[in-house]
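Colleague: Handing you this structure, nothing more for now.
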Amino acid sequence: MPHLRLEYSANLEEKADIAAVCAAAHQAILATGIFELGAPRVRAFSAPHYAIADRHAENAFVDMVFRLGAGRSGEEKKRTGEAIMTAVAAALAPLLAEPHFALSLEVVEIDPDLSWKMNSMHARLRGK
Amino acid sequence: MPHLRLEYSANLEEKADIAAVCAAAHQAILATGIFELGAPRVRAFSAPHYAIADRHAENAFVDMVFRLGAGRSGEEKKRTGEAIMTAVAAALAPLLAEPHFALSLEVVEIDPDLSWKMNSMHARLRGK
Amino acid sequence: MPHLRLEYSANLEEKADIAAVCAAAHQAILATGIFELGAPRVRAFSAPHYAIADRHAENAFVDMVFRLGAGRSGEEKKRTGEAIMTAVAAALAPLLAEPHFALSLEVVEIDPDLSWKMNSMHARLRGK
């Protein structure tokens with residue numbers, strides 16, 4: 001159950017295509033070959049209130065947390081994180097070229113003993 | 001301080017009663033008998049942008065993280081997680097019966113040394 | 001990369017100035033002297049659906065998670081948490097004086113081996 005949550009300052013709604021960022025991250029996750037098609041859930045939440053760095057009105061951020069099930073190696077986790085970061089940085093390159101933007105990502109493993117899941121998409125997608 | 005955060009794809013606003021899901025989870029948390037009345041804070045956030053599995057337009061998800069204070073046993077944490085999952089799965093049964101939905105939950109303990117809390121409801125509710 | 005996420009019940013939009021709460025927390029973070037100017041990202045998300053304590057209509061909450069990079073001592077983490085909690089409690093004092101409000105904070109360290117960051121603000125702000 002790979003989950004990618006993006007949080008972003010609401011001023012990015014006008015400056016970036018967040019749906020396209022989600023799509024790029026989703027593609028990067030699947031392209032690793034580590035996760036099955038029915039699994040990735042990428043989503044983004046806009047923060048209506050924020051206070052960033054020196055509080056310049058142009059300041060903006062995207063912060064991501066990728067949570068994945070146990071069982072992947074440290075190398076697989078690093079590789080997936082790098083793939084997501086690379087894809088999202090490319091999608092947001094114009095923002096990174098200006099002095100008002102911060103992008104970040106953390107990868108976190110889900111505790112297998114204290115997690116539960118139900119997924120009605122797998123039956124439709126497995127074997128496709 | 002038991003906190004349940006639900007994240008869901010915005011397309012569920014039309015297909016599910018998220019307020020009722022919150023109410024069902026809240027009731028399940030209190031019914032465990034482990035938490036006091038003034039404590040549970042269940043809340044749900046709608047993601048306006050998302051990319052799920054094969055990106056079929058009907059695809060939707062609810063992902064939950066339950067955070068609770070230290071001091072409960074592993075058995076109590078498992079039992080609470082199962083109770084929340086069961087209650088929410090029942091409230092969303094129609095979605096789980098169709099091939100476009102994923103539901104997940106993780107239980108996480110809050111670090112007692114690095115957390116703070118103030119609660120003006122306890123004085124009103126304790127002894128009730 | 002210090003990140004402060006606030007989550008709050010949507011009924012606070014009318015009872016509190018959440019932008020001012022973000023500003024107060026942001027100032028408290030910088031006043032610790034531990035973080036550089038280009039770093040803090042404070043943001044707040046409103047939960048449209050929630051179920052709190054005894055579900056009295058006046059019940060409301062603010063829950064915060066502060067995530068910071070590795071390398072700070074336990075004392076520095078405690079001190080930063082206390083500073084944030086104190087600043088936000090002061091900003092929300094009227095709510096804490098009534099029997100319908102809960103405020104909480106957890107401080108969490110980001111895994112240095114599984115995190116990535118890019119920040120185009122530092123070049124502008126360092127040396128200022």
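Ordering of the structure tokens sets the chain letters (A, B, ...), residue numbers begin anew at 1 in every chain, and ligands are numbered from 1 in the order given.
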When you look at stretch 73-81 of chain C with a cut-off of 7 Å (counting only C-alpha atoms), what residues show up, excluding the ones that are within fewer than 5 positions of it in the same chain? I need them as an NGL selection string.

Modeller: (:B and (114)) or (:C and (29 or 32 or 107))

Colleague: How would the residues just chosen look if you wrote them out with C-alpha atoms as a PDB file, in the first residue's frame?

Modeller:
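Here's the written file again05.pdb:
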ATOM      1  CA  LEU B 114       7.916  14.890  22.628  1.00  0.00           C
TER       2      LEU B 114
ATOM      3  CA  ILE C  29      10.085  28.427  15.612  1.00  0.00           C
ATOM      4  CA  THR C  32      14.434  29.364  19.068  1.00  0.00           C
ATOM      5  CA  VAL C 107       7.500  16.579  17.572  1.00  0.00           C
TER       6      VAL C 107
END

Colleague: May I have a table of the residues of stretch 42-97 of chain A lying at most 12 Å from stretch 59-64 of chain B, giving each one's closest pair of atoms and their distance in Å to one decimal, counting only C-alpha atoms, ordered by chain and ascending residue number, as a Markdown table?

Modeller:
| residue | atom | partner | partner_atom | distance |
| --- | --- | --- | --- | --- |
| A:Val42 | CA | B:Phe61 | CA | 9.9 |
| A:Arg43 | CA | B:Phe61 | CA | 9.9 |
| A:Arg67 | CA | B:Asp63 | CA | 11.2 |

Colleague: Excluding C:Leu37 and any residue of its chain fewer than 6 positions from it, enumerate the residues within 12 Å of it, using only C-alpha atoms, and give them as a PyMOL selection string.

Modeller: (chain A and resi 51-56) or (chain C and resi 1-2+26-27+29-31+119+121-128)

Colleague: Which residue gives the smallest distance to chain A among C:Pro94, C:Gly71, C:Pro112, C:Pro99, with only C-alpha atoms counted?

Modeller: C:Pro112

Colleague: Check chain B with DSSP on the backbone and list each residue it calls helix (DSSP H, G or I), as a ChimeraX atom specification.

Modeller: /B:12-15,18-31,74-91,93-96,112-114,122-125

Colleague: Write to file, as a CSV table (one decimal), in the first residue's frame, the residues of the selection just made, with N, CA and C atoms.

Modeller:
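Full text of again_21.csv as output:
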chain,number,residue,atom,x,y,z
B,12,LEU,N,-15.2,11.0,-3.6
B,12,LEU,CA,-16.1,10.3,-2.6
B,12,LEU,C,-17.2,11.2,-2.0
B,13,GLU,N,-17.0,12.5,-2.2
B,13,GLU,CA,-18.0,13.4,-1.6
B,13,GLU,C,-19.4,13.1,-2.1
B,14,GLU,N,-19.4,12.6,-3.3
B,14,GLU,CA,-20.8,12.3,-3.9
B,14,GLU,C,-21.2,10.9,-3.7
B,15,LYS,N,-20.2,10.0,-3.4
B,15,LYS,CA,-20.5,8.6,-3.4
B,15,LYS,C,-20.6,8.0,-1.9
B,18,ILE,N,-19.2,11.0,4.3
B,18,ILE,CA,-17.9,11.0,5.1
B,18,ILE,C,-18.2,11.4,6.5
B,19,ALA,N,-19.2,12.3,6.7
B,19,ALA,CA,-19.5,12.7,8.1
B,19,ALA,C,-20.0,11.4,8.9
B,20,ALA,N,-20.8,10.6,8.2
B,20,ALA,CA,-21.3,9.3,8.8
B,20,ALA,C,-20.1,8.4,9.1
B,21,VAL,N,-19.1,8.4,8.2
B,21,VAL,CA,-17.9,7.5,8.4
B,21,VAL,C,-17.2,8.0,9.7
B,22,CYS,N,-17.0,9.3,9.8
B,22,CYS,CA,-16.4,9.9,11.0
B,22,CYS,C,-17.1,9.5,12.2
B,23,ALA,N,-18.4,9.6,12.2
B,23,ALA,CA,-19.3,9.2,13.3
B,23,ALA,C,-19.1,7.8,13.7
B,24,ALA,N,-19.1,6.9,12.7
B,24,ALA,CA,-19.0,5.5,12.9
B,24,ALA,C,-17.6,5.1,13.6
B,25,ALA,N,-16.6,5.8,13.1
B,25,ALA,CA,-15.2,5.5,13.6
B,25,ALA,C,-15.1,6.1,15.0
B,26,HIS,N,-15.7,7.2,15.3
B,26,HIS,CA,-15.7,7.8,16.6
B,26,HIS,C,-16.4,6.9,17.6
B,27,GLN,N,-17.5,6.3,17.2
B,27,GLN,CA,-18.3,5.4,18.1
B,27,GLN,C,-17.5,4.2,18.4
B,28,ALA,N,-16.8,3.7,17.3
B,28,ALA,CA,-15.9,2.5,17.5
B,28,ALA,C,-14.8,2.7,18.5
B,29,ILE,N,-14.2,3.9,18.4
B,29,ILE,CA,-13.1,4.2,19.3
B,29,ILE,C,-13.6,4.3,20.7
B,30,LEU,N,-14.7,4.9,21.0
B,30,LEU,CA,-15.2,5.0,22.3
B,30,LEU,C,-15.7,3.6,22.8
B,31,ALA,N,-16.2,2.8,21.9
B,31,ALA,CA,-16.8,1.5,22.3
B,31,ALA,C,-15.7,0.6,22.8
B,74,GLY,N,0.1,-3.8,23.2
B,74,GLY,CA,-0.1,-4.2,21.8
B,74,GLY,C,-1.4,-4.7,21.5
B,75,GLU,N,-2.0,-5.5,22.4
B,75,GLU,CA,-3.3,-6.1,22.2
B,75,GLU,C,-4.4,-5.0,22.1
B,76,GLU,N,-4.3,-4.0,22.9
B,76,GLU,CA,-5.2,-2.9,22.9
B,76,GLU,C,-5.1,-2.1,21.6
B,77,LYS,N,-3.9,-1.9,21.2
B,77,LYS,CA,-3.7,-1.2,19.9
B,77,LYS,C,-4.3,-2.0,18.7
B,78,LYS,N,-4.1,-3.3,18.7
B,78,LYS,CA,-4.6,-4.1,17.6
B,78,LYS,C,-6.2,-4.1,17.7
B,79,ARG,N,-6.7,-4.2,18.9
B,79,ARG,CA,-8.1,-4.3,19.0
B,79,ARG,C,-8.8,-3.0,18.6
B,80,THR,N,-8.2,-1.9,18.9
B,80,THR,CA,-8.7,-0.6,18.5
B,80,THR,C,-8.7,-0.5,17.0
B,81,GLY,N,-7.5,-0.8,16.4
B,81,GLY,CA,-7.4,-0.8,15.0
B,81,GLY,C,-8.4,-1.6,14.3
B,82,GLU,N,-8.6,-2.8,14.8
B,82,GLU,CA,-9.6,-3.7,14.2
B,82,GLU,C,-11.0,-3.2,14.3
B,83,ALA,N,-11.3,-2.5,15.4
B,83,ALA,CA,-12.6,-2.0,15.6
B,83,ALA,C,-12.9,-0.8,14.7
B,84,ILE,N,-11.9,0.1,14.5
B,84,ILE,CA,-12.0,1.2,13.6
B,84,ILE,C,-12.2,0.7,12.1
B,85,MET,N,-11.4,-0.3,11.8
B,85,MET,CA,-11.4,-0.8,10.4
B,85,MET,C,-12.8,-1.5,10.1
B,86,THR,N,-13.3,-2.2,11.1
B,86,THR,CA,-14.6,-2.9,10.9
B,86,THR,C,-15.7,-1.9,10.8
B,87,ALA,N,-15.7,-0.9,11.6
B,87,ALA,CA,-16.8,0.1,11.6
B,87,ALA,C,-16.7,0.9,10.2
B,88,VAL,N,-15.5,1.3,9.8
B,88,VAL,CA,-15.4,2.1,8.6
B,88,VAL,C,-15.8,1.2,7.4
B,89,ALA,N,-15.3,0.0,7.4
B,89,ALA,CA,-15.6,-0.9,6.2
B,89,ALA,C,-17.1,-1.1,6.1
B,90,ALA,N,-17.8,-1.3,7.3
B,90,ALA,CA,-19.2,-1.4,7.2
B,90,ALA,C,-19.9,-0.2,6.7
B,91,ALA,N,-19.4,1.0,7.1
B,91,ALA,CA,-20.0,2.2,6.6
B,91,ALA,C,-19.8,2.4,5.1
B,93,ALA,N,-19.4,-0.2,2.9
B,93,ALA,CA,-19.6,-1.5,2.2
B,93,ALA,C,-19.9,-1.4,0.7
B,94,PRO,N,-20.8,-0.5,0.4
B,94,PRO,CA,-21.1,-0.4,-1.1
B,94,PRO,C,-19.9,-0.1,-2.0
B,95,LEU,N,-19.0,0.7,-1.5
B,95,LEU,CA,-17.8,1.0,-2.2
B,95,LEU,C,-16.9,-0.3,-2.3
B,96,LEU,N,-16.8,-1.0,-1.2
B,96,LEU,CA,-15.9,-2.2,-1.2
B,96,LEU,C,-16.4,-3.3,-2.1
B,112,PRO,N,5.7,10.0,24.1
B,112,PRO,CA,5.3,10.8,25.3
B,112,PRO,C,6.3,11.8,25.7
B,113,ASP,N,7.5,11.7,25.3
B,113,ASP,CA,8.5,12.7,25.6
B,113,ASP,C,8.5,13.9,24.7
B,114,LEU,N,7.9,13.8,23.6
B,114,LEU,CA,7.9,14.9,22.6
B,114,LEU,C,6.5,15.2,22.2
B,122,HIS,N,-12.1,18.0,29.1
B,122,HIS,CA,-12.1,17.0,30.2
B,122,HIS,C,-12.9,17.5,31.4
B,123,ALA,N,-12.6,18.7,31.9
B,123,ALA,CA,-13.3,19.2,33.1
B,123,ALA,C,-14.8,19.1,33.0
B,124,ARG,N,-15.3,19.4,31.8
B,124,ARG,CA,-16.7,19.3,31.5
B,124,ARG,C,-17.2,17.9,31.5
B,125,LEU,N,-16.4,17.0,31.0
B,125,LEU,CA,-16.9,15.6,30.7
B,125,LEU,C,-16.6,14.6,31.7

Colleague: For the strand (DSSP E or B) assignment from backbone DSSP, which residues of chain C qualify? Please present them as a ChimeraX atom specification.

Modeller: /C:3-9,41-47,49-52,60-68,101-109,115-119

Colleague: Smallest atom-to-atom distance to chain B: which of C:Leu105, C:Met118, C:Ile34, C:Ala10, using only C-alpha atoms?

Modeller: C:Leu105

Colleague: With only C-alpha atoms as the basis for distance, which of B:Phe35, B:Tyr8, B:Phe66, B:Phe101 is at the shortest distance from chain A?

Modeller: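 That would be B:Phe101, the residue with the smallest distance to chain A.
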
Colleague: Tell me which of C:Ala70, C:Pro40, C:Val108, C:Phe45 sits closest to C:Leu6, counting only C-alpha atoms.

Modeller: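 Closest candidate: C:Phe45.
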
Colleague: Pick from B:Ala39, B:Leu4, B:Ala97, B:Ala47: nearest to chain C, with only C-alpha atoms counted?

Modeller: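 Looking at the shortest contact to chain C, the residue is B:Ala39.
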
Colleague: Between atom CA of A:Leu92 and atom CA of C:Glu36, what is the distance, to one decimal in Å?

Modeller: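 Between these atoms lies a distance of 23.6 Å.
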
Colleague: Could you work out how far atom CA of A:Asp17 lies from atom CA of A:Gly38, giving the answer in Å with one decimal?

Modeller: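 Distance between the two atoms: 24.2 Å.
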